2 protein chains.
Amino acid sequence: MTRKSGGASRSTIRDVALRAGVSASTVSRVLGGAYPVSSATRTRVMRAVRDLDYVADARAKAVAGVGTPTLAFVLEDITGPSFAHMAHGVEREATRLGHLCLVCSTEGDVQHELDFVEMMRAQRAAAVILVGGSADTPEYRERTRRMADSLASAGSRLVLCGRPPLGPGAPVTVIEYDNEGGAYALVAHVLAQGHRRILFLGGKPDHTTALGRERGYLAAHRARGVDADPALLLHGDFTRDSGHRLMRQALAAELEFTAVVAATDMVAAGALTALHEAGLNVPGDVSLAGYDDIPFARDLHPALTTVHVPYEELGRLAVRTALGRTAETRAEHLLLGTHVVVRDSVRAVE
Amino acid sequence: MTRKSGGASRSTIRDVALRAGVSASTVSRVLGGAYPVSSATRTRVMRAVRDLDYVADARAKAVAGVGTPTLAFVLEDITGPSFAHMAHGVEREATRLGHLCLVCSTEGDVQHELDFVEMMRAQRAAAVILVGGSADTPEYRERTRRMADSLASAGSRLVLCGRPPLGPGAPVTVIEYDNEGGAYALVAHVLAQGHRRILFLGGKPDHTTALGRERGYLAAHRARGVDADPALLLHGDFTRDSGHRLMRQALAAELEFTAVVAATDMVAAGALTALHEAGLNVPGDVSLAGYDDIPFARDLHPALTTVHVPYEELGRLAVRTALGRTAETRAEHLLLGTHVVVRDSVRAVE
DNA sequence: ATGAAAGCGCTAACAA
DNA sequence: TTGTTAGCGCTTTCAT
């Protein structure tokens, strides 16, 4: 029987050894770098390597204890701009640190997330980074804590990046940014412009990111002694379409408001279009603000006032923190700051 | 001496065997699934597995010949919306097909790309997908062809997704979308509205994606018997900032034009802002069109006329094609169609 | 139904 | 400087 169709089955270290007329260990040593090898053999070996186009099997090396370390990250959907920026940070930093990067989109499916983490445990990933908000239910904590424990017991580490922290003592690293603080500052800014009825276009009611921003909205009202009308708090998700739909509903319901604060820039974008479609001028008739400061925010018309979140830095930091530590049980919690970026979409009320 | 600090070093199949009072092979069989094992031992083994929170080392399994297949993809920057959509398609499809997904951003660095592909060869990845345009130089073909060959000889396959094909005979799969055709249709549409001087905001002069779109622009002019003024062809890159800058330059140089076609929606976004900043009305004073049809395009004001590219489908298809074939030497080339999406940013000239 | 042993491709400790 | 041998953690014959 001839060779398996579909290409020369890859050559092994023994093939190389044979061809170079040396032992496998010698080949290993030559390839391994700094090791005393006579330059004659070295040349012969290298030639054989080149001839055979040989690369050592990384998995086998891993088993033998000298593998390329791997890092995994999990997110809902790489398509969301803020996710993409976090992912970018994670990937860049991981690569910089010599790690391979495994990704997984869960599409919001919890079981999928669980399965993937299990695979990563099997892969002996150095760390698993869970990116993006989530509902903070007891079930979430329970489940995530179990992940953290089993990862830790496998010598790996769980990192939550922009995701709710667990109780104390869980072996996780949490890197968050201040949703509540950012929203507080933003809404305070809007209130300072004289607005008193501010529509809030939120995300899923139990999603921590959305929730934090909502809390900031409420807190700012309280701090200014303004009553926040509950009717002005709408819920959807973080997509452009959600913003569009919610805005239309608000308009159709003839809700009264002079300003709109959207939970994300994407939501704001959809809302802006709905506003335009209704013949309203922004910020002439109604002010609008977003959250995230994605690059596109500048190109909306008017340019969107929003809150800047250092997403890429967040990702980088997550990796550095995760890899910078031994898999000790100590928990860790970092909170990154955000700041308001004032552009043209919010105007003082007359 | 006690355990290595930093967590119980992961347990092996032998630990499980010991605890269950069976041999390693039995554990393997139980975990392996369909194999005759007495339900008594099965229970004992499973219990030990649970107690130890054991997961078989995927790398070791791989060496033994039963690994999870892996697929890798490489792109310049996940942050670009169209890249992100391709990436999403790739990841979803790969996962669906039971493959692990490795990613790498090259940031445009060729050496980085080469290094990464080499790693993937070492990982015995089933396929490597290169995503996104590139300069189509002889050096590119040479280098890429070498990748393709060495991947093929390792039983793996190279896929070019939206990237220039190599000469005939190279063991690659190419999935492209029709840049020239899309641009042709778009520019023909703009010309049909009576515009005769159309500014083109292009990408890097040698980048195939940019080039294809430029060719379409030119071809449409030719077809309509309109002379395309070379002064109207500007070059930059695919970012929002590039569009912004180029547009400002064009305005400052007092170039004459009644319409602008941007090489991507991101470029169009930047250009739109520059136009607004200059006090120009779109499409009243000047018409504008983009390319890619990213979700955001609808939320620009006016909503952007553009060319729809099935990016996600492109990614999925790339994976399916790559995995659907044995690593035979046969080349393959698929070309996906695009279509113009007419919105509000192009108006007939009076 | 189960265990012992060989082997996957590699590295490393030990000899020579 | 180099080869031999013993692992790494797993699967899979081959016996029993």
# chains A, B, ... in the order shown; residues from 1 in each chain; ligands from 1

call {"tool": "select_by_dssp", "arguments": {"residues": "range 31-79 of chain B", "states": "helix (DSSP H, G or I)", "output": "ChimeraX atom specification"}}
result
/B:31-32,39-52,58-63

call {"tool": "write_last_selection", "arguments": {"atoms": "N, CA and C atoms", "output": "compact mmCIF listing (two decimals), in the first residue's frame"}}
result
# COMPACT_ATOMS: atom_id res chain seq x y z
N LEU B 31 -13.58 6.40 29.79
CA LEU B 31 -13.70 7.76 29.29
C LEU B 31 -13.87 7.81 27.78
N GLY B 32 -13.33 6.81 27.12
CA GLY B 32 -13.35 6.80 25.67
C GLY B 32 -14.74 6.63 25.10
N SER B 39 -20.45 -2.17 34.45
CA SER B 39 -20.98 -0.92 34.97
C SER B 39 -20.48 -0.64 36.38
N ALA B 40 -20.05 -1.67 37.07
CA ALA B 40 -19.49 -1.47 38.41
C ALA B 40 -18.20 -0.66 38.31
N THR B 41 -17.28 -1.14 37.51
CA THR B 41 -16.01 -0.40 37.37
C THR B 41 -16.27 0.97 36.78
N ARG B 42 -17.15 1.00 35.82
CA ARG B 42 -17.45 2.31 35.22
C ARG B 42 -17.80 3.31 36.30
N THR B 43 -18.67 2.91 37.19
CA THR B 43 -19.08 3.82 38.26
C THR B 43 -17.89 4.23 39.11
N ARG B 44 -17.09 3.24 39.49
CA ARG B 44 -15.94 3.55 40.34
C ARG B 44 -15.01 4.54 39.63
N VAL B 45 -14.78 4.26 38.38
CA VAL B 45 -13.89 5.15 37.63
C VAL B 45 -14.47 6.56 37.56
N MET B 46 -15.73 6.62 37.21
CA MET B 46 -16.34 7.94 37.08
C MET B 46 -16.28 8.71 38.39
N ARG B 47 -16.44 7.98 39.43
CA ARG B 47 -16.38 8.63 40.73
C ARG B 47 -14.97 9.20 40.97
N ALA B 48 -13.98 8.42 40.66
CA ALA B 48 -12.61 8.88 40.83
C ALA B 48 -12.35 10.11 39.96
N VAL B 49 -12.88 10.03 38.74
CA VAL B 49 -12.72 11.16 37.83
C VAL B 49 -13.31 12.42 38.46
N ARG B 50 -14.51 12.26 38.99
CA ARG B 50 -15.17 13.40 39.60
C ARG B 50 -14.38 13.90 40.80
N ASP B 51 -13.99 12.96 41.62
CA ASP B 51 -13.25 13.35 42.84
C ASP B 51 -12.01 14.16 42.48
N LEU B 52 -11.33 13.67 41.48
CA LEU B 52 -10.07 14.32 41.13
C LEU B 52 -10.25 15.49 40.16
N ALA B 58 -5.27 17.04 26.52
CA ALA B 58 -5.58 17.03 25.09
C ALA B 58 -4.32 16.87 24.24
N ARG B 59 -3.20 17.39 24.71
CA ARG B 59 -1.98 17.30 23.93
C ARG B 59 -1.50 15.86 23.87
N ALA B 60 -1.58 15.22 25.02
CA ALA B 60 -1.17 13.81 25.06
C ALA B 60 -2.07 12.97 24.15
N LYS B 61 -3.36 13.27 24.20
CA LYS B 61 -4.27 12.56 23.32
C LYS B 61 -3.87 12.77 21.88
N ALA B 62 -3.54 14.01 21.57
CA ALA B 62 -3.16 14.34 20.20
C ALA B 62 -1.96 13.50 19.76
N VAL B 63 -0.97 13.42 20.64
CA VAL B 63 0.20 12.62 20.31
C VAL B 63 -0.19 11.16 20.08

call {"tool": "closest_atom_pairs", "arguments": {"of": "chain D", "to": "chain A", "cutoff": "7 Å", "atoms": "only C-alpha atoms (C1' of nucleotides)", "output": "JSON lines"}}
result
{"residue": "D:DT1", "atom": "C1'", "partner": "A:Val37", "partner_atom": "CA", "distance": 6.1}
{"residue": "D:DG3", "atom": "C1'", "partner": "A:Ser23", "partner_atom": "CA", "distance": 6.5}
{"residue": "D:DC8", "atom": "C1'", "partner": "A:Ala64", "partner_atom": "CA", "distance": 4.6}
{"residue": "D:DG9", "atom": "C1'", "partner": "A:Val63", "partner_atom": "CA", "distance": 6.9}

call {"tool": "interface_residues", "arguments": {"of": "chain A", "to": "chain B", "cutoff": "7 Å", "atoms": "only C-alpha atoms", "output": "compact mmCIF listing (two decimals) with N, CA and C atoms, in the first residue's frame"}}
result
# COMPACT_ATOMS: atom_id res chain seq x y z
N GLY A 6 -3.05 12.57 0.02
CA GLY A 6 -3.21 13.82 0.75
C GLY A 6 -1.93 14.25 1.38
N GLY A 7 -0.82 13.85 0.83
CA GLY A 7 0.42 14.46 1.27
C GLY A 7 1.30 13.55 2.05
N ALA A 8 2.59 13.79 1.91
CA ALA A 8 3.58 13.06 2.67
C ALA A 8 3.21 13.16 4.14
N SER A 9 2.95 12.02 4.78
CA SER A 9 2.67 12.12 6.20
C SER A 9 3.92 12.75 6.82
N ARG A 10 3.72 13.74 7.62
CA ARG A 10 4.78 14.59 8.18
C ARG A 10 5.91 13.75 8.74
N ASP A 53 11.73 19.53 5.39
CA ASP A 53 10.83 20.59 5.82
C ASP A 53 10.22 20.21 7.16
N VAL A 55 9.26 20.26 11.07
CA VAL A 55 9.00 21.06 12.28
C VAL A 55 8.59 20.10 13.37
N ALA A 56 9.15 20.28 14.53
CA ALA A 56 8.82 19.41 15.65
C ALA A 56 7.35 19.56 16.02
N ASP A 57 6.74 18.47 16.31
CA ASP A 57 5.33 18.49 16.71
C ASP A 57 5.17 19.17 18.07
N ALA A 58 4.46 20.29 18.04
CA ALA A 58 4.32 21.09 19.26
C ALA A 58 3.59 20.34 20.37
N ARG A 59 2.68 19.49 19.97
CA ARG A 59 1.93 18.76 21.00
C ARG A 59 2.83 17.78 21.73
N ALA A 60 3.66 17.11 20.94
CA ALA A 60 4.58 16.16 21.54
C ALA A 60 5.55 16.88 22.49
N ALA A 62 4.94 19.54 24.05
CA ALA A 62 4.16 19.92 25.22
C ALA A 62 4.11 18.76 26.21
N VAL A 63 3.83 17.57 25.68
CA VAL A 63 3.76 16.42 26.56
C VAL A 63 5.10 16.18 27.26
N ILE A 78 -17.44 38.52 18.57
CA ILE A 78 -16.28 39.35 18.23
C ILE A 78 -16.69 40.56 17.41
N THR A 79 -17.89 40.52 16.91
CA THR A 79 -18.40 41.54 16.02
C THR A 79 -18.73 42.86 16.72
N ALA A 84 -14.32 43.53 20.29
CA ALA A 84 -13.22 43.40 19.34
C ALA A 84 -11.97 44.09 19.89
N HIS A 85 -12.16 45.22 20.51
CA HIS A 85 -11.00 45.93 21.05
C HIS A 85 -10.38 45.19 22.23
N HIS A 88 -8.54 42.32 20.82
CA HIS A 88 -7.30 42.76 20.21
C HIS A 88 -6.22 42.92 21.27
N GLU A 91 -5.12 39.50 22.51
CA GLU A 91 -4.31 38.76 21.54
C GLU A 91 -2.91 39.36 21.43
N CYS A 101 -2.93 31.79 21.16
CA CYS A 101 -4.23 32.32 21.56
C CYS A 101 -5.38 31.51 20.99
N LEU A 102 -6.17 30.93 21.85
CA LEU A 102 -7.36 30.23 21.41
C LEU A 102 -8.58 31.09 21.66
N VAL A 103 -9.47 31.16 20.71
CA VAL A 103 -10.69 31.96 20.88
C VAL A 103 -11.94 31.13 20.82
N CYS A 104 -12.99 31.65 21.35
CA CYS A 104 -14.30 31.03 21.23
C CYS A 104 -15.38 32.07 21.38
N ALA A 122 -8.46 20.92 29.36
CA ALA A 122 -7.79 19.78 28.75
C ALA A 122 -6.54 20.22 27.98
N GLN A 123 -6.61 21.39 27.40
CA GLN A 123 -5.46 21.91 26.65
C GLN A 123 -4.37 22.41 27.58
N SER A 150 -11.91 24.59 39.17
CA SER A 150 -11.38 23.47 38.41
C SER A 150 -10.21 23.91 37.55
N ALA A 152 -8.16 26.31 38.43
CA ALA A 152 -7.07 26.50 39.38
C ALA A 152 -6.44 25.16 39.76
N SER A 153 -7.29 24.18 39.96
CA SER A 153 -6.75 22.88 40.36
C SER A 153 -5.98 22.23 39.22
N ALA A 154 -6.20 22.74 38.03
CA ALA A 154 -5.44 22.23 36.89
C ALA A 154 -4.23 23.13 36.62
N GLY A 155 -3.98 24.05 37.55
CA GLY A 155 -2.81 24.90 37.41
C GLY A 155 -3.01 26.05 36.45
N ALA A 269 -26.20 54.94 18.15
CA ALA A 269 -26.24 55.07 16.69
C ALA A 269 -27.63 54.74 16.16
N GLY A 270 -28.19 53.64 16.62
CA GLY A 270 -29.53 53.26 16.20
C GLY A 270 -30.55 54.31 16.60
N THR A 273 -30.45 57.43 14.41
CA THR A 273 -31.14 57.25 13.14
C THR A 273 -32.66 57.34 13.32
N ASP A 299 -17.89 59.96 14.01
CA ASP A 299 -18.44 60.15 12.67
C ASP A 299 -19.96 60.18 12.62
N LEU A 300 -20.57 59.97 13.75
CA LEU A 300 -22.00 60.20 13.78
C LEU A 300 -22.19 61.70 13.64
N HIS A 301 -23.39 62.06 13.27
CA HIS A 301 -23.64 63.48 13.09
C HIS A 301 -24.85 63.86 13.89
N THR A 326 1.61 33.16 39.62
CA THR A 326 1.49 31.72 39.74
C THR A 326 0.02 31.47 40.04
N ALA A 327 -0.40 30.28 39.82
CA ALA A 327 -1.83 29.99 39.98
C ALA A 327 -2.21 29.90 41.45
N GLU A 328 -1.84 30.89 42.18
CA GLU A 328 -2.19 30.87 43.60
C GLU A 328 -3.67 31.11 43.78

call {"tool": "interface_residues", "arguments": {"of": "chain C", "to": "chain B", "cutoff": "10 Å", "atoms": "only C-alpha atoms (C1' of nucleotides)", "output": "list of chain:residue names"}}
result
C:DA1, C:DT2, C:DG3, C:DA4, C:DG7, C:DC8, C:DG9, C:DC10

call {"tool": "write_last_selection", "arguments": {"atoms": "N, CA, C and O atoms (P, O5', C5', C4', C3', O3' and C1' of nucleotides)", "output": "short mmCIF file (atom, residue, chain, number, x, y, z; two decimals), in the first residue's frame"}}
result
data_model
loop_
_atom_site.label_atom_id
_atom_site.label_comp_id
_atom_site.auth_asym_id
_atom_site.auth_seq_id
_atom_site.Cartn_x
_atom_site.Cartn_y
_atom_site.Cartn_z
P DA C 1 -18.12 -7.27 28.67
"O5'" DA C 1 -17.16 -6.84 29.87
"C5'" DA C 1 -17.58 -6.88 31.19
"C4'" DA C 1 -16.32 -7.05 31.99
"C3'" DA C 1 -15.58 -5.74 32.24
"O3'" DA C 1 -15.10 -5.76 33.57
"C1'" DA C 1 -14.16 -7.28 31.12
P DT C 2 -14.38 -4.57 34.20
"O5'" DT C 2 -12.87 -4.91 33.84
"C5'" DT C 2 -12.10 -5.61 34.80
"C4'" DT C 2 -10.76 -5.88 34.22
"C3'" DT C 2 -9.80 -4.71 34.24
"O3'" DT C 2 -8.98 -4.86 35.38
"C1'" DT C 2 -9.55 -6.12 32.35
P DG C 3 -7.92 -3.71 35.72
"O5'" DG C 3 -6.58 -4.37 35.16
"C5'" DG C 3 -6.24 -5.68 35.57
"C4'" DG C 3 -4.98 -6.13 34.86
"C3'" DG C 3 -3.83 -5.11 34.87
"O3'" DG C 3 -2.60 -5.81 35.07
"C1'" DG C 3 -4.36 -5.65 32.65
P DA C 4 -1.27 -5.04 35.38
"O5'" DA C 4 -0.23 -5.68 34.35
"C5'" DA C 4 -0.56 -6.87 33.62
"C4'" DA C 4 0.41 -7.04 32.45
"C3'" DA C 4 1.67 -6.17 32.51
"O3'" DA C 4 2.71 -6.87 31.83
"C1'" DA C 4 0.35 -5.49 30.68
P DG C 7 6.57 -1.23 19.91
"O5'" DG C 7 5.82 0.15 19.65
"C5'" DG C 7 4.50 0.15 19.11
"C4'" DG C 7 3.94 1.54 19.20
"C3'" DG C 7 4.99 2.61 18.84
"O3'" DG C 7 4.39 3.56 17.99
"C1'" DG C 7 3.98 3.12 20.89
P DC C 8 5.26 4.44 17.04
"O5'" DC C 8 4.50 5.83 17.06
"C5'" DC C 8 3.10 5.93 16.88
"C4'" DC C 8 2.68 7.26 17.47
"C3'" DC C 8 3.78 8.31 17.39
"O3'" DC C 8 3.57 9.10 16.23
"C1'" DC C 8 2.71 8.28 19.56
P DG C 9 4.73 9.44 15.26
"O5'" DG C 9 5.46 10.67 15.95
"C5'" DG C 9 4.74 11.87 16.18
"C4'" DG C 9 5.56 12.76 17.10
"C3'" DG C 9 7.02 12.94 16.67
"O3'" DG C 9 7.32 14.30 16.63
"C1'" DG C 9 6.90 12.25 18.92
P DC C 10 8.78 14.85 16.40
"O5'" DC C 10 9.30 15.05 17.88
"C5'" DC C 10 8.80 16.18 18.61
"C4'" DC C 10 9.09 16.05 20.07
"C3'" DC C 10 10.53 16.30 20.48
"O3'" DC C 10 10.70 17.66 20.84
"C1'" DC C 10 9.51 14.51 21.71
#

call {"tool": "select_by_dssp", "arguments": {"residues": "range 183-277 of chain B", "states": "strand (DSSP E)", "output": "VMD selection string"}}
result
chain B and resid 198 to 202 233 to 235 259 to 262

call {"tool": "atom_distance", "arguments": {"atom1": "CA of Thr306 in chain B", "atom2": "CA of Arg215 in chain B"}}
result
16.6 Å
